[in-house]
$ cat work30.txt   # compact mmCIF, C-alpha atoms and all ligand atoms
# COMPACT_ATOMS: atom_id res chain seq x y z
CA MET A 62 147.37 202.23 289.99
CA GLN A 63 149.82 203.86 287.58
CA GLU A 64 151.28 200.42 286.86
CA GLU A 65 147.82 199.08 286.02
CA THR A 66 147.11 201.97 283.64
CA SER A 67 150.43 201.46 281.93
CA HIS A 68 149.72 197.71 281.50
CA LYS A 69 146.29 198.49 280.05
CA GLN A 70 147.85 201.00 277.68
CA LYS A 71 150.54 198.55 276.56
CA LEU A 72 147.91 195.87 276.00
CA ALA A 73 145.77 198.26 273.95
CA GLU A 74 148.79 199.21 271.80
CA PHE A 75 149.73 195.54 271.40
CA GLU A 76 146.21 194.64 270.29
CA ALA A 77 146.09 197.63 267.93
CA ARG A 78 149.30 196.42 266.28
CA ILE A 79 147.78 192.97 265.78
CA ALA A 80 144.60 194.53 264.38
CA ARG A 81 146.73 196.47 261.87
CA GLY A 82 148.31 193.17 260.77
CA GLU A 83 151.77 194.03 262.16
CA LYS A 84 154.04 191.21 263.29
CA ILE A 85 155.11 191.01 266.93
CA GLU A 86 158.88 190.47 267.13
CA PRO A 87 160.96 188.88 269.96
CA GLY A 88 162.05 192.08 271.74
CA ASP A 89 158.59 193.71 271.59
CA TRP A 90 156.30 194.06 274.59
CA MET A 91 153.76 191.23 274.76
CA PRO A 92 151.34 189.99 277.44
CA ASP A 93 152.71 187.10 279.52
CA GLU A 94 149.81 184.92 278.37
CA TYR A 95 150.67 185.57 274.69
CA ARG A 96 154.26 184.46 275.38
CA ARG A 97 153.09 181.40 277.35
CA GLN A 98 150.64 180.31 274.67
CA LEU A 99 153.25 180.67 271.94
CA ILE A 100 155.90 178.73 273.84
CA ARG A 101 153.32 175.99 274.52
CA MET A 102 152.22 175.74 270.92
CA ILE A 103 155.57 176.21 269.17
CA SER A 104 157.41 173.78 271.43
CA GLN A 105 154.66 171.16 270.97
CA HIS A 106 154.90 171.75 267.25
CA ALA A 107 158.71 171.30 267.35
CA HIS A 108 158.34 168.05 269.30
CA SER A 109 155.78 166.84 266.74
CA GLU A 110 158.23 167.37 263.90
CA VAL A 111 160.99 165.46 265.68
CA VAL A 112 158.83 162.60 267.00
CA GLY A 113 157.15 162.59 263.58
CA MET A 114 160.42 161.42 262.04
CA LEU A 115 160.04 158.04 263.75
CA PRO A 116 157.02 156.38 262.05
CA GLU A 117 158.36 157.14 258.57
CA GLY A 118 162.03 156.75 259.46
CA ALA A 119 161.27 153.13 260.36
CA TRP A 120 160.64 152.44 256.65
CA ILE A 121 163.82 153.94 255.16
CA THR A 122 165.62 150.60 255.13
CA HIS A 123 162.54 148.84 253.69
CA ALA A 124 161.77 151.26 250.83
CA PRO A 125 160.75 149.31 247.70
CA ASN A 126 163.29 150.99 245.40
CA LEU A 127 166.10 153.55 245.36
CA ARG A 128 163.92 156.44 244.20
CA ARG A 129 161.42 155.91 247.01
CA LYS A 130 164.26 155.57 249.52
CA LEU A 131 165.88 158.87 248.43
CA VAL A 132 162.56 160.72 248.60
CA LEU A 133 161.78 159.31 252.04
CA MET A 134 165.24 160.12 253.39
CA ALA A 135 164.90 163.72 252.14
CA LYS A 136 161.46 164.00 253.74
CA VAL A 137 162.51 162.66 257.13
CA GLN A 138 165.55 164.96 257.08
CA ASP A 139 163.25 167.92 256.32
CA GLU A 140 161.24 167.13 259.46
CA ALA A 141 164.41 167.41 261.57
CA GLY A 142 165.01 170.82 259.99
CA HIS A 143 161.44 171.87 260.83
CA GLY A 144 162.06 170.90 264.44
CA GLN A 145 165.16 173.11 264.45
CA TYR A 146 163.35 176.19 263.04
CA LEU A 147 160.59 175.73 265.59
CA TYR A 148 162.83 175.21 268.63
CA HIS A 149 164.63 178.42 267.58
CA ALA A 150 161.30 180.25 267.28
CA ALA A 151 160.39 179.12 270.83
CA GLU A 152 163.86 180.13 272.08
CA SER A 153 163.22 183.64 270.76
CA LEU A 154 160.49 183.85 273.44
CA GLY A 155 162.83 182.87 276.26
CA ALA A 156 162.30 179.08 276.40
CA THR A 157 165.53 177.09 276.56
CA ARG A 158 166.23 173.97 274.52
CA GLU A 159 167.01 172.07 277.72
CA GLU A 160 163.64 172.94 279.28
CA MET A 161 161.75 171.99 276.15
CA LEU A 162 163.55 168.68 275.69
CA ASP A 163 163.17 167.87 279.35
CA ALA A 164 159.41 168.46 279.06
CA LEU A 165 159.26 166.13 276.05
CA LEU A 166 161.40 163.33 277.44
CA SER A 167 159.73 163.37 280.85
CA GLY A 168 156.33 162.98 279.17
CA ARG A 169 155.06 166.39 280.35
CA ALA A 170 154.94 167.98 276.90
CA LYS A 171 152.37 167.15 274.28
CA TYR A 172 153.11 166.43 270.64
CA ALA A 173 150.76 165.57 267.76
CA SER A 174 148.68 162.53 268.73
CA ILE A 175 148.99 161.06 265.22
CA PHE A 176 152.61 160.04 265.75
CA ASN A 177 151.59 157.56 268.43
CA TYR A 178 150.17 155.23 265.78
CA PRO A 179 152.32 152.60 264.07
CA THR A 180 153.22 152.51 260.38
CA LEU A 181 152.37 148.85 259.73
CA THR A 182 152.96 148.65 255.97
CA TRP A 183 154.88 150.61 253.33
CA VAL A 184 151.71 152.33 252.14
CA ASP A 185 151.38 153.97 255.57
CA VAL A 186 154.32 156.15 254.52
CA ALA A 187 152.23 157.31 251.57
CA TRP A 188 149.22 158.00 253.79
CA VAL A 189 151.34 159.99 256.23
CA GLY A 190 152.52 162.08 253.27
CA TRP A 191 149.08 162.70 251.82
CA LEU A 192 146.83 162.90 254.88
CA VAL A 193 149.12 163.78 257.80
CA ASP A 194 151.26 166.30 255.94
CA GLY A 195 148.10 167.48 254.19
CA ALA A 196 146.36 168.15 257.50
CA ALA A 197 149.50 169.80 258.84
CA ILE A 198 149.73 172.09 255.79
CA LYS A 199 146.10 173.11 256.21
CA ASN A 200 146.83 174.19 259.77
CA GLN A 201 150.23 175.70 259.01
CA MET A 202 149.03 177.82 256.07
CA MET A 203 146.88 179.55 258.67
CA LEU A 204 149.81 179.82 261.11
CA ALA A 205 151.95 181.38 258.34
CA HIS A 206 149.73 184.46 258.84
CA CYS A 207 149.99 184.40 262.64
CA SER A 208 150.89 187.52 264.59
CA TYR A 209 154.28 186.33 265.91
CA GLY A 210 156.99 187.07 263.32
CA PRO A 211 159.44 184.16 263.90
CA TYR A 212 156.63 181.56 263.95
CA SER A 213 154.94 182.92 260.84
CA ARG A 214 158.21 183.04 258.88
CA ALA A 215 159.13 179.49 259.95
CA MET A 216 155.69 178.38 258.72
CA VAL A 217 156.21 179.87 255.25
CA ARG A 218 159.35 177.81 254.75
CA ILE A 219 157.94 174.68 256.37
CA CYS A 220 154.78 174.79 254.24
CA ALA A 221 156.85 174.93 251.05
CA GLU A 222 158.66 171.76 252.10
CA GLU A 223 155.50 170.05 253.36
CA THR A 224 153.90 170.58 249.96
CA PHE A 225 156.58 168.31 248.49
CA HIS A 226 155.83 165.79 251.25
CA TYR A 227 152.12 165.89 250.46
CA LYS A 228 152.73 165.40 246.74
CA GLN A 229 155.06 162.44 247.15
CA GLY A 230 152.47 160.71 249.36
CA LYS A 231 149.64 161.40 246.95
CA GLU A 232 151.73 160.27 243.97
CA MET A 233 152.17 156.86 245.62
CA ILE A 234 148.49 156.44 246.50
CA VAL A 235 147.43 157.42 242.97
CA GLN A 236 149.91 154.92 241.54
CA TYR A 237 148.79 152.07 243.80
CA MET A 238 145.09 152.76 243.15
CA THR A 239 145.31 153.26 239.39
CA SER A 240 147.94 150.74 238.31
CA GLY A 241 148.64 148.68 241.44
CA THR A 242 148.06 144.98 241.98
CA PRO A 243 144.93 143.86 243.91
CA GLU A 244 147.23 143.38 246.93
CA GLN A 245 148.52 146.95 246.66
CA LYS A 246 144.98 148.30 246.35
CA ALA A 247 143.88 146.32 249.41
CA MET A 248 146.91 147.52 251.36
CA THR A 249 146.09 151.12 250.40
CA GLN A 250 142.48 150.79 251.54
CA ASP A 251 143.62 149.17 254.80
CA GLY A 252 145.95 152.11 255.44
CA LEU A 253 143.14 154.63 254.87
CA ASN A 254 140.89 152.67 257.25
CA ARG A 255 143.49 153.01 260.03
CA TRP A 256 144.70 156.62 259.42
CA TRP A 257 141.44 158.44 258.68
CA GLN A 258 140.16 158.99 262.24
CA PRO A 259 143.56 159.69 263.86
CA MET A 260 144.19 162.21 261.06
CA LEU A 261 140.90 164.01 261.78
CA MET A 262 141.97 164.24 265.43
CA MET A 263 145.12 166.15 264.44
CA PHE A 264 143.05 169.34 264.19
CA GLY A 265 142.34 169.15 267.92
CA PRO A 266 139.10 168.76 269.92
CA HIS A 267 135.79 170.21 268.76
CA ASP A 268 135.57 173.98 269.19
CA ALA A 269 133.33 173.69 272.26
CA GLU A 270 136.07 171.64 274.00
CA SER A 271 139.02 173.71 272.79
CA LYS A 272 140.18 175.72 275.80
CA ASN A 273 142.95 177.63 274.01
CA THR A 274 141.23 178.75 270.81
CA ALA A 275 139.56 181.90 272.18
CA VAL A 276 142.75 183.52 273.42
CA LEU A 277 144.75 182.33 270.39
CA MET A 278 142.19 183.92 268.07
CA ARG A 279 141.99 187.11 270.10
CA TRP A 280 145.71 187.65 269.55
CA GLY A 281 145.94 186.49 265.95
CA ILE A 282 147.88 183.28 266.60
CA LYS A 283 145.08 181.14 265.19
CA THR A 284 142.72 182.74 262.70
CA LYS A 285 140.50 179.70 262.18
CA SER A 286 139.04 177.26 264.70
CA ASN A 287 139.84 173.53 264.92
CA ASP A 288 136.45 172.52 263.44
CA THR A 289 136.67 175.04 260.60
CA LEU A 290 140.07 173.75 259.48
CA ARG A 291 139.01 170.11 259.88
CA GLN A 292 135.89 170.69 257.75
CA GLU A 293 137.85 172.54 255.05
CA PHE A 294 140.29 169.65 254.89
CA ILE A 295 137.53 167.02 254.71
CA ASN A 296 135.81 168.94 251.90
CA GLU A 297 139.05 169.13 249.91
CA GLU A 298 140.20 165.54 250.34
CA VAL A 299 137.04 163.39 250.35
CA PRO A 300 136.18 163.87 246.64
CA GLU A 301 139.77 163.04 245.67
CA LEU A 302 139.81 159.87 247.78
CA LEU A 303 136.45 158.73 246.40
CA ALA A 304 137.57 159.45 242.84
CA LEU A 305 140.36 156.91 243.29
CA GLY A 306 137.85 154.20 244.20
CA LEU A 307 138.68 154.29 247.92
CA THR A 308 136.02 153.89 250.61
CA LEU A 309 136.06 156.22 253.60
CA PRO A 310 135.82 154.25 256.89
CA ASP A 311 132.77 156.23 258.01
CA PRO A 312 129.25 154.85 257.40
CA ASP A 313 127.76 158.27 258.24
CA LEU A 314 129.75 160.21 255.66
CA LYS A 315 127.48 162.14 253.31
CA PHE A 316 127.45 165.33 251.29
CA ASN A 317 125.14 167.95 252.73
CA GLU A 318 123.66 169.91 249.79
CA GLU A 319 122.49 172.70 252.08
CA THR A 320 125.82 173.48 253.73
CA GLY A 321 128.06 172.31 250.88
CA ASN A 322 130.00 170.23 253.43
CA TRP A 323 130.94 166.58 253.58
CA GLN A 324 129.37 165.56 256.90
CA ILE A 325 131.23 162.98 258.97
CA GLY A 326 130.11 160.65 261.74
CA PRO A 327 131.32 160.96 265.36
CA ILE A 328 135.03 161.09 266.15
CA ASP A 329 136.24 158.82 268.96
CA TRP A 330 137.38 161.51 271.41
CA ASP A 331 137.94 158.98 274.20
CA GLU A 332 140.62 157.42 272.05
CA PHE A 333 142.07 160.89 271.29
CA TRP A 334 142.46 161.77 274.99
CA ARG A 335 143.89 158.33 275.78
CA VAL A 336 146.58 158.91 273.17
CA VAL A 337 147.22 162.53 274.22
CA LYS A 338 147.60 161.40 277.85
CA GLY A 339 150.33 158.93 276.92
CA ASN A 340 148.37 155.70 276.46
CA GLY A 341 148.24 155.35 272.69
CA PRO A 342 149.58 152.37 270.76
CA MET A 343 153.11 153.76 270.37
CA ASN A 344 153.57 156.50 273.04
CA LYS A 345 156.06 154.51 275.09
CA GLU A 346 158.12 153.43 272.06
CA ARG A 347 158.23 157.00 270.71
CA LEU A 348 159.51 158.47 273.97
CA ALA A 349 161.99 155.62 274.43
CA ALA A 350 163.39 156.26 270.93
CA ARG A 351 163.74 160.02 271.58
CA THR A 352 165.34 159.37 274.98
CA LYS A 353 167.87 157.00 273.38
CA ALA A 354 168.68 159.55 270.65
CA HIS A 355 169.13 162.25 273.31
CA ASN A 356 171.44 160.08 275.40
CA ASP A 357 173.41 158.94 272.34
CA GLY A 358 173.97 162.60 271.43
CA LEU A 359 175.39 163.55 274.84
CA TRP A 360 179.02 163.28 273.68
CA VAL A 361 178.30 165.73 270.84
CA ARG A 362 176.81 168.30 273.23
CA GLU A 363 179.73 167.85 275.63
CA ALA A 364 182.27 168.25 272.82
CA LEU A 365 180.55 171.42 271.58
CA ALA A 366 180.43 172.89 275.08
CA ALA A 367 184.13 172.10 275.62
CA TYR A 368 185.02 173.67 272.26
CA ALA A 369 182.97 176.78 273.02
CA GLU A 370 184.69 177.14 276.40
CA LYS A 371 188.14 176.72 274.87
CA THR A 372 187.55 179.29 272.12
CA SER A 373 185.76 181.91 274.25
N1 LIG B 401 147.70 166.08 269.50
O1 LIG B 401 142.63 173.97 273.21
P1 LIG B 401 143.04 173.05 272.10
C1 LIG B 401 153.95 167.47 260.88
C2 LIG B 401 145.91 169.38 273.00
S1 LIG B 401 153.82 167.86 262.53
C3 LIG B 401 148.11 166.27 270.78
O2 LIG B 401 142.18 173.00 270.90
P2 LIG B 401 145.05 174.44 270.59
C4 LIG B 401 154.70 166.30 260.47
C5 LIG B 401 146.31 170.85 273.08
O3 LIG B 401 147.73 170.98 273.04
C6 LIG B 401 152.72 169.20 262.57
N2 LIG B 401 147.56 167.21 271.59
O4 LIG B 401 144.56 173.41 271.70
C7 LIG B 401 155.87 165.95 261.13
C8 LIG B 401 145.68 171.27 274.37
O5 LIG B 401 146.47 170.87 275.49
P3 LIG B 401 147.40 171.91 276.33
C9 LIG B 401 152.10 169.38 263.90
C10 LIG B 401 146.56 167.96 271.08
O6 LIG B 401 146.48 174.67 270.84
C11 LIG B 401 156.55 164.80 260.79
C12 LIG B 401 144.41 170.43 274.44
O7 LIG B 401 144.62 169.33 273.56
N3 LIG B 401 151.37 170.63 263.86
O8 LIG B 401 153.46 168.17 260.09
O9 LIG B 401 144.13 175.61 270.52
C13 LIG B 401 156.07 163.99 259.75
C14 LIG B 401 143.18 171.22 274.04
O10 LIG B 401 143.23 171.57 272.66
C15 LIG B 401 146.12 167.82 269.76
C16 LIG B 401 151.25 171.45 264.92
O11 LIG B 401 151.75 171.17 265.99
C17 LIG B 401 146.71 166.83 268.96
N4 LIG B 401 146.32 166.60 267.69
O12 LIG B 401 144.86 173.64 269.22
C18 LIG B 401 154.94 164.35 259.06
C19 LIG B 401 150.52 172.73 264.68
N5 LIG B 401 145.12 168.71 269.55
O13 LIG B 401 148.56 172.28 275.45
C20 LIG B 401 154.25 165.51 259.40
C21 LIG B 401 150.58 173.71 265.82
C22 LIG B 401 144.96 169.38 270.69
O14 LIG B 401 146.55 173.12 276.64
N6 LIG B 401 149.55 173.50 266.81
N7 LIG B 401 145.80 168.93 271.62
O15 LIG B 401 147.82 171.13 277.53
C23 LIG B 401 148.27 173.89 266.64
O16 LIG B 401 147.88 174.40 265.60
C24 LIG B 401 147.32 173.73 267.80
O17 LIG B 401 148.09 173.60 268.98
C25 LIG B 401 146.34 172.52 267.66
C26 LIG B 401 145.50 172.43 268.94
C27 LIG B 401 145.41 172.73 266.49
C28 LIG B 401 147.10 171.20 267.50
$ encode --input "work30.txt" --output "structure tokens"
Amino acid sequence: MQEETSHKQKLAEFEARIARGEKIEPGDWMPDEYRRQLIRMISQHAHSEVVGMLPEGAWITHAPNLRRKLVLMAKVQDEAGHGQYLYHAAESLGATREEMLDALLSGRAKYASIFNYPTLTWVDVAWVGWLVDGAAIKNQMMLAHCSYGPYSRAMVRICAEETFHYKQGKEMIVQYMTSGTPEQKAMTQDGLNRWWQPMLMMFGPHDAESKNTAVLMRWGIKTKSNDTLRQEFINEEVPELLALGLTLPDPDLKFNEETGNWQIGPIDWDEFWRVVKGNGPMNKERLAARTKAHNDGLWVREALAAYAEKTS
């Protein structure tokens, strides 16, 4: 009975801190479900950064010139750094790196569905920069205000770097659409046709299907729902894409004067769940590449462990 009262009291204090806009730090009391939700979300986010290196990394050796190659190498390297910040943030909640990597490599952990699509042409690198990093920034600007200190601080730094990623992608698309050859313009349109729907899915299922949003919003981890963020992103990007002479691959797209929103047609959620459950176009290749990288790095981990033992 006393234990129950004390838990209720702790929960009330915890929620009052969040209501006052205070950050929760690693050693602070927190409900088990808050910890579980954060580990789930942060570790999935970390995996997304690391798996997300693969579709773009595949184009480093095919970049059309030295400048583009240097920019792409810097971007892909940034994503590895983001993975590191995020794994550390999850470790601050008690998750171990081994557990998280095991969950990823065994196929138990989720990571952003978008990275299970192939980058078929060079312009896909530009679309990943503009639309995928753009969607990620939209979500992460919200998470930069989240209630858990280490996650929110990681997001501030990551968003600054992602803004550079977004701009380099947009710069390429603008160049191809304004001064490109007819082939470059066609390649750019083809890329948009393939990336538009998967990018919309990045924001997660519709609010009515989103089982985690309620508790995440209650505790200030998310402050906006999946549909709200998706709509904000659509409203920001559609006019810019149309201004470049691109066509959105959605016959139902129209501006709704009443709501002030760009209204889209249905999203293919069956495809989304297929991809999330491991059956997307590139799921198997992505996990095989991460497994190979993990196995290739074994000697480094062994050497570090041996050095630590020797010097302790
Ligand atoms: N993909 O209840 P819901 C980047 C899962 S990488 C896969 O709405 P929540 C970049 C969801 O996990 C940036 N799974 O979930 C890197 C849940 O399943 P579980 C990546 C998805 O958490 C390299 C179930 O569906 N950003 O920028 O409220 C190169 C029900 O969903 C997805 C982040 O990771 C999805 N798209 O909301 C370039 C941001 N959507 O876990 C760029 C952090 C949903 O209950 N994460 N699911 O089994 C989040 O903000 C939220 O977790 C989500 C989903 C908005 C993604």
$ closest_residue --input "work30.txt" --among "A:Ala366, A:Met233, A:Leu261, A:Ile175" --to "Pro327 of chain A" --atoms "only C-alpha atoms"
A:Leu261
$ closest_residue --input "work30.txt" --among "A:Ala364, A:Val186, A:Leu181, A:Val112" --to "Lys345 of chain A" --atoms "only C-alpha atoms"
A:Val112
$ atom_distance --input "work30.txt" --atom1 "atom CA of Pro259 of chain A" --atom2 "atom CA of Ser174 of chain A"
7.6 Å
$ atom_distance --input "work30.txt" --atom1 "atom CA of His143 of chain A" --atom2 "atom CA of Arg218 of chain A"
8.8 Å
$ residues_near_ligand --input "work30.txt" --ligand "ligand LIG 401 (chain B)" --cutoff "6 Å" --atoms "all atoms listed in the file" --output "MDAnalysis selection string"
chainID A and resid 102 105:106 109:110 113:114 140 171:174 193:194 197 200 262:266 271:274 287 337
$ residues_around --input "work30.txt" --residues "Ala170 of chain A" --least-positions-apart "4" --cutoff "10 Å" --atoms "all atoms listed in the file" --output "PyMOL selection string"
chain A and resi 101+104-105+108+161-166+337-338
$ residues_around --input "work30.txt" --residues "His149 of chain A" --least-positions-apart "4" --cutoff "12 Å" --atoms "all atoms listed in the file" --output "list of chain:residue names"
A:Pro87, A:Ile100, A:Ile103, A:Ser104, A:His106, A:Ala107, A:Gly142, A:His143, A:Gly144, A:Gln145, A:Ser153, A:Leu154, A:Gly155, A:Ala156, A:Thr157, A:Arg158, A:Met161, A:Pro211, A:Tyr212, A:Arg214, A:Ala215
$ atom_distance --input "work30.txt" --atom1 "atom CA of Ile198 of chain A" --atom2 "atom CA of Cys220 of chain A"
5.9 Å
$ closest_residue --input "work30.txt" --among "A:Asp185, A:Glu83, A:Asp288, A:Glu346" --to "Ile325 of chain A" --atoms "only C-alpha atoms"
A:Asp288
